[in-house]
file entry.txt (compact mmCIF, C-alpha atoms)
# COMPACT_ATOMS: atom_id res chain seq x y z
CA MET A 1 81.92 97.17 105.78
CA ALA A 2 85.41 97.94 107.10
CA GLY A 3 86.64 101.51 106.73
CA ALA A 4 89.75 102.80 105.01
CA VAL A 5 93.09 102.01 106.63
CA ASN A 6 96.19 104.16 106.37
CA LEU A 7 99.22 101.90 106.15
CA ASP A 8 101.55 104.26 108.08
CA ASP A 9 99.00 104.49 110.89
CA ALA A 10 98.66 100.70 110.88
CA PHE A 11 102.44 100.25 111.12
CA ASP A 12 102.43 102.54 114.19
CA ARG A 13 100.18 100.07 115.99
CA PHE A 14 102.65 97.19 116.31
CA ASP A 15 106.37 96.55 116.64
CA GLU A 16 106.69 92.77 116.49
CA LEU A 17 108.94 91.59 113.67
CA TRP A 18 107.92 88.91 111.13
CA ALA A 19 104.34 88.97 112.46
CA PRO A 20 102.07 90.27 109.67
CA ARG A 21 98.97 92.26 110.53
CA VAL A 22 95.84 92.01 108.37
CA VAL A 23 94.83 95.42 107.01
CA ALA A 24 92.20 94.30 104.50
CA ARG A 25 90.39 91.22 103.28
CA VAL A 26 89.73 90.54 99.60
CA ASN A 27 87.55 87.50 98.91
CA ASP A 28 89.44 84.55 100.46
CA HIS A 29 92.73 86.46 100.50
CA GLU A 30 94.22 88.97 102.94
CA VAL A 31 96.36 92.08 102.59
CA ARG A 32 98.94 91.92 105.36
CA ILE A 33 101.70 94.32 106.39
CA ALA A 34 104.81 93.39 108.34
CA LYS A 35 107.88 94.91 109.92
CA VAL A 36 110.82 92.65 109.13
CA GLU A 37 114.50 92.61 109.99
CA GLY A 38 117.26 90.02 109.95
CA ASP A 39 116.71 86.41 108.92
CA HIS A 40 113.40 84.60 108.65
CA ALA A 41 113.76 80.88 107.80
CA TRP A 42 113.70 78.53 104.84
CA HIS A 43 110.10 77.52 104.26
CA VAL A 44 107.67 76.55 101.55
CA HIS A 45 103.94 76.93 100.97
CA HIS A 46 102.73 73.90 99.06
CA ASP A 47 99.33 75.32 98.11
CA THR A 48 99.69 79.04 97.61
CA ASP A 49 101.63 81.80 95.93
CA GLU A 50 102.83 84.65 98.14
CA PHE A 51 103.04 88.25 96.90
CA PHE A 52 105.49 90.73 98.42
CA LEU A 53 105.71 94.48 97.89
CA CYS A 54 108.60 96.28 99.60
CA LEU A 55 107.38 99.57 101.08
CA ALA A 56 110.59 100.66 102.84
CA GLY A 57 114.09 99.29 103.45
CA ARG A 58 115.59 96.30 101.65
CA PHE A 59 113.94 92.88 101.50
CA SER A 60 115.72 89.93 99.93
CA ILE A 61 114.11 86.63 99.10
CA GLU A 62 116.68 83.87 98.88
CA LEU A 63 115.62 81.05 96.56
CA ARG A 64 117.53 77.82 96.00
CA ASP A 65 118.99 79.09 92.71
CA ARG A 66 119.15 82.88 93.18
CA THR A 67 118.21 85.77 95.42
CA VAL A 68 115.59 88.38 94.55
CA ASP A 69 116.37 91.78 96.10
CA LEU A 70 113.51 94.21 96.65
CA GLY A 71 113.75 97.90 97.47
CA PRO A 72 110.87 100.36 97.89
CA GLY A 73 108.26 99.88 95.18
CA ASP A 74 109.59 96.48 94.08
CA ALA A 75 107.12 93.59 93.92
CA PHE A 76 107.60 89.85 93.54
CA THR A 77 105.45 86.74 93.77
CA VAL A 78 106.97 83.55 95.20
CA PRO A 79 105.10 80.77 93.40
CA GLN A 80 103.56 77.94 95.38
CA GLY A 81 105.96 75.13 96.09
CA VAL A 82 109.10 77.28 95.82
CA GLU A 83 111.36 77.21 98.87
CA HIS A 84 112.36 80.67 100.04
CA PHE A 85 114.29 82.32 102.87
CA PRO A 86 113.43 86.00 103.47
CA HIS A 87 116.00 88.41 104.89
CA ALA A 88 115.66 92.13 105.60
CA GLU A 89 117.65 95.16 106.59
CA PRO A 90 116.60 97.01 109.74
CA GLY A 91 113.56 99.21 109.22
CA THR A 92 112.12 97.19 106.34
CA ARG A 93 108.37 97.23 105.79
CA ILE A 94 106.52 94.95 103.41
CA LEU A 95 102.99 94.41 102.14
CA ARG A 96 101.84 90.88 101.34
CA PHE A 97 98.87 89.36 99.62
CA GLU A 98 98.05 85.74 100.34
CA PRO A 99 95.11 83.51 101.30
CA ALA A 100 93.55 83.92 104.73
CA GLY A 101 95.00 81.36 107.11
CA THR A 102 98.43 81.16 105.47
CA ALA A 103 101.07 80.38 108.10
CA THR A 104 104.10 82.69 108.18
CA THR A 105 106.44 79.69 108.34
CA GLY A 106 104.80 77.66 105.60
CA ASP A 107 103.95 73.99 105.44
CA GLU A 108 107.56 72.82 105.83
CA HIS A 109 110.43 74.81 107.22
CA GLY A 110 113.94 74.85 108.61
CA ASP A 111 114.93 76.17 112.02
CA ILE A 112 112.22 78.52 113.29
CA SER A 113 113.27 78.59 116.94
CA HIS A 114 113.78 82.38 116.67
CA LEU A 115 110.32 82.98 115.19
CA ARG A 116 106.69 82.91 116.22
CA THR A 117 104.44 81.25 113.66
CA THR A 118 101.30 83.29 113.02
CA HIS A 119 98.48 83.19 110.49
CA GLY A 120 97.70 86.88 109.98
CA LEU A 121 97.12 88.87 113.13
CA ASP A 122 94.44 91.50 113.56
CA LEU A 123 95.49 95.07 114.19
CA ASP A 124 94.90 95.88 117.85
CA MET B 1 108.85 82.36 87.40
CA ALA B 2 108.29 86.07 86.74
CA GLY B 3 110.94 88.49 88.01
CA ALA B 4 110.57 91.41 90.35
CA VAL B 5 108.70 94.45 89.05
CA ASN B 6 109.31 98.02 90.16
CA LEU B 7 105.98 99.83 90.31
CA ASP B 8 107.40 103.22 89.25
CA ASP B 9 109.05 101.60 86.22
CA ALA B 10 105.78 99.84 85.41
CA PHE B 11 103.83 103.12 85.58
CA ASP B 12 106.31 104.62 83.09
CA ARG B 13 105.25 102.01 80.53
CA PHE B 14 101.68 103.20 79.95
CA ASP B 15 99.59 106.37 80.00
CA GLU B 16 96.03 105.19 79.41
CA LEU B 17 93.66 106.16 82.21
CA TRP B 18 91.34 103.71 83.99
CA ALA B 19 93.05 100.77 82.22
CA PRO B 20 94.79 98.66 84.89
CA ARG B 21 97.99 96.81 84.06
CA VAL B 22 98.78 93.45 85.67
CA VAL B 23 102.09 93.57 87.56
CA ALA B 24 101.83 90.25 89.41
CA ARG B 25 99.65 87.18 89.71
CA VAL B 26 98.82 85.55 93.04
CA ASN B 27 96.87 82.31 92.81
CA ASP B 28 93.63 83.21 90.99
CA HIS B 29 94.03 86.92 91.76
CA GLU B 30 96.00 89.72 90.12
CA VAL B 31 97.87 92.75 91.35
CA ARG B 32 97.01 95.58 88.99
CA ILE B 33 98.17 99.20 88.86
CA ALA B 34 96.31 102.05 87.20
CA LYS B 35 96.61 105.72 86.38
CA VAL B 36 93.25 107.33 87.08
CA GLU B 37 91.80 110.82 86.73
CA GLY B 38 88.32 112.30 86.61
CA ASP B 39 85.17 110.21 86.80
CA HIS B 40 84.87 106.48 86.24
CA ALA B 41 81.25 105.20 86.36
CA TRP B 42 78.78 103.64 88.74
CA HIS B 43 79.27 99.89 88.62
CA VAL B 44 79.04 96.76 90.73
CA HIS B 45 80.87 93.43 90.87
CA HIS B 46 78.38 90.79 91.95
CA ASP B 47 80.93 88.07 92.71
CA THR B 48 84.08 89.73 93.99
CA ASP B 49 85.54 92.20 96.44
CA GLU B 50 87.89 94.83 95.03
CA PHE B 51 90.88 96.16 96.99
CA PHE B 52 92.29 99.62 96.36
CA LEU B 53 95.53 101.16 97.67
CA CYS B 54 96.17 104.79 96.75
CA LEU B 55 99.84 105.26 95.84
CA ALA B 56 99.72 108.93 94.79
CA GLY B 57 97.11 111.65 94.39
CA ARG B 58 93.56 111.49 95.71
CA PHE B 59 91.15 108.68 94.94
CA SER B 60 87.56 108.83 96.10
CA ILE B 61 85.14 105.95 96.02
CA GLU B 62 81.55 107.16 96.01
CA LEU B 63 79.15 104.63 97.53
CA ARG B 64 75.39 105.01 97.67
CA ASP B 65 75.48 106.14 101.33
CA ARG B 66 78.89 107.84 101.66
CA THR B 67 82.18 108.55 99.95
CA VAL B 68 85.51 107.01 100.98
CA ASP B 69 88.43 109.34 100.29
CA LEU B 70 91.88 107.81 99.86
CA GLY B 71 95.22 109.61 99.86
CA PRO B 72 98.68 108.05 99.54
CA GLY B 73 98.95 104.95 101.74
CA ASP B 74 95.21 104.63 102.30
CA ALA B 75 93.60 101.28 101.54
CA PHE B 76 89.99 100.18 101.20
CA THR B 77 88.10 97.09 100.05
CA VAL B 78 84.80 97.53 98.21
CA PRO B 79 82.83 94.41 99.14
CA GLN B 80 81.19 92.34 96.44
CA GLY B 81 77.74 93.56 95.51
CA VAL B 82 78.36 97.16 96.61
CA GLU B 83 77.77 99.79 93.95
CA HIS B 84 80.62 102.28 93.65
CA PHE B 85 81.69 105.23 91.51
CA PRO B 86 85.43 105.99 91.56
CA HIS B 87 86.72 109.50 91.01
CA ALA B 88 90.31 110.76 91.04
CA GLU B 89 92.33 113.94 90.96
CA PRO B 90 94.87 114.36 88.15
CA GLY B 91 98.04 112.34 88.71
CA THR B 92 96.44 109.67 90.88
CA ARG B 93 97.95 106.19 90.92
CA ILE B 94 96.34 103.15 92.51
CA LEU B 95 97.13 99.50 93.17
CA ARG B 96 94.36 96.92 93.12
CA PHE B 97 93.92 93.26 94.06
CA GLU B 98 91.11 91.38 92.44
CA PRO B 99 90.46 88.09 90.69
CA ALA B 100 91.94 87.53 87.25
CA GLY B 101 89.36 88.35 84.61
CA THR B 102 87.54 91.01 86.61
CA ALA B 103 86.10 93.65 84.27
CA THR B 104 86.94 97.27 85.07
CA THR B 105 83.30 98.27 84.61
CA GLY B 106 81.78 95.46 86.65
CA ASP B 107 78.79 93.23 85.94
CA GLU B 108 76.31 96.11 85.80
CA HIS B 109 77.09 99.75 85.23
CA GLY B 110 75.83 103.22 84.37
CA ASP B 111 77.08 105.32 81.45
CA ILE B 112 80.48 104.04 80.35
CA SER B 113 80.60 105.75 76.95
CA HIS B 114 83.76 107.61 78.06
CA LEU B 115 85.54 104.42 79.16
CA ARG B 116 87.13 101.34 77.64
CA THR B 117 86.22 98.15 79.49
CA THR B 118 89.28 95.99 80.12
CA HIS B 119 90.02 92.88 82.16
CA GLY B 120 93.59 93.50 83.34
CA LEU B 121 96.04 94.37 80.58
CA ASP B 122 99.58 93.06 80.37
CA LEU B 123 102.45 95.49 80.62
CA ASP B 124 103.94 96.03 77.16
call {"tool": "encode", "arguments": {"input": "entry.txt", "output": "structure tokens"}}
result
Amino acid sequence: MAGAVNLDDAFDRFDELWAPRVVARVNDHEVRIAKVEGDHAWHVHHDTDEFFLCLAGRFSIELRDRTVDLGPGDAFTVPQGVEHFPHAEPGTRILRFEPAGTATTGDEHGDISHLRTTHGLDLD
Amino acid sequence: MAGAVNLDDAFDRFDELWAPRVVARVNDHEVRIAKVEGDHAWHVHHDTDEFFLCLAGRFSIELRDRTVDLGPGDAFTVPQGVEHFPHAEPGTRILRFEPAGTATTGDEHGDISHLRTTHGLDLD
């Protein structure tokens, strides 16, 4: 059985932006943390919801009809099939809950030439 | 689609101990928050893992062979089938991920005469 993980300690172990690290597994889902800053990309997950909790900074989730702004302690679930474009201020940290294997850039996406697509990286 | 939820605001909306409130849904799982204090009860979930993140206070999860102590920012998953007995200091707040419908006292349990069994309550 995996031991306890301190989120601040886990954040100290990586610097890559928009590249979530898996800190816990829960059934077929994962708890992932990420450092984020600037613009991600329009994308959509056809088969899964995606839960976001802002831990620090400001995280905004642009939807086609509105933008959801999250500060520390704010949580929001993007339902499956809903296109979204995440943006973040420098120093933003988020926690996510989504199925193992979920790609960071979704099943369809816009320009991701500035991003690396990952599927939940292990902590080193 | 549900809106964003601030966890501090959500905690202000209930006082009952050991009675998790659902703040978000993610596929077939729920994000629940709870105020906890004192002793819960020995119990086991045969069919699901249970993820705990301590947000404030001290939360300890007694297992049959050791105790896992969580402070703010510490996270731990109790694997399915593992008996556990949660305890908490006054003022402790936790966040949990687990499947919708999961009973707070598990599938088998010890003395729960001091507890109300719930399955994830809605915020009022």
call {"tool": "residues_around", "arguments": {"input": "entry.txt", "residues": "Arg93 (chain B)", "least_positions_apart": "5", "cutoff": "12 Å", "atoms": "only C-alpha atoms", "output": "ChimeraX atom specification"}}
result
/B:7-8,10-12,14-21,32-37,52-60,70-74,87-88
call {"tool": "interface_residues", "arguments": {"input": "entry.txt", "of": "chain A", "to": "chain B", "cutoff": "8 Å", "atoms": "only C-alpha atoms", "output": "ChimeraX atom specification"}}
result
/A:1-8,24-27,48-51,68,70,73-77,79,97-98
call {"tool": "residues_around", "arguments": {"input": "entry.txt", "residues": "region 104-120 of chain B", "least_positions_apart": "6", "cutoff": "6 Å", "atoms": "only C-alpha atoms", "output": "MDAnalysis selection string"}}
result
chainID B and resid 20:22 42:45
call {"tool": "closest_residue", "arguments": {"input": "entry.txt", "among": "B:Thr67, B:His46, B:Leu121, B:Gly81", "to": "Gly101 (chain B)", "atoms": "only C-alpha atoms"}}
result
B:Leu121
call {"tool": "atom_distance", "arguments": {"input": "entry.txt", "atom1": "CA of Ala41 (chain A)", "atom2": "CA of Phe85 (chain A)"}}
result
5.2 Å
call {"tool": "axis_aligned_box", "arguments": {"input": "entry.txt", "around": "region 86-103 of chain A", "padding_each_side": "5 Å", "output": "lines of an AutoDock Vina configuration file"}}
result
center_x = 105.6
center_y = 89.8
center_z = 104.7
size_x = 34.1
size_y = 28.8
size_z = 20.1
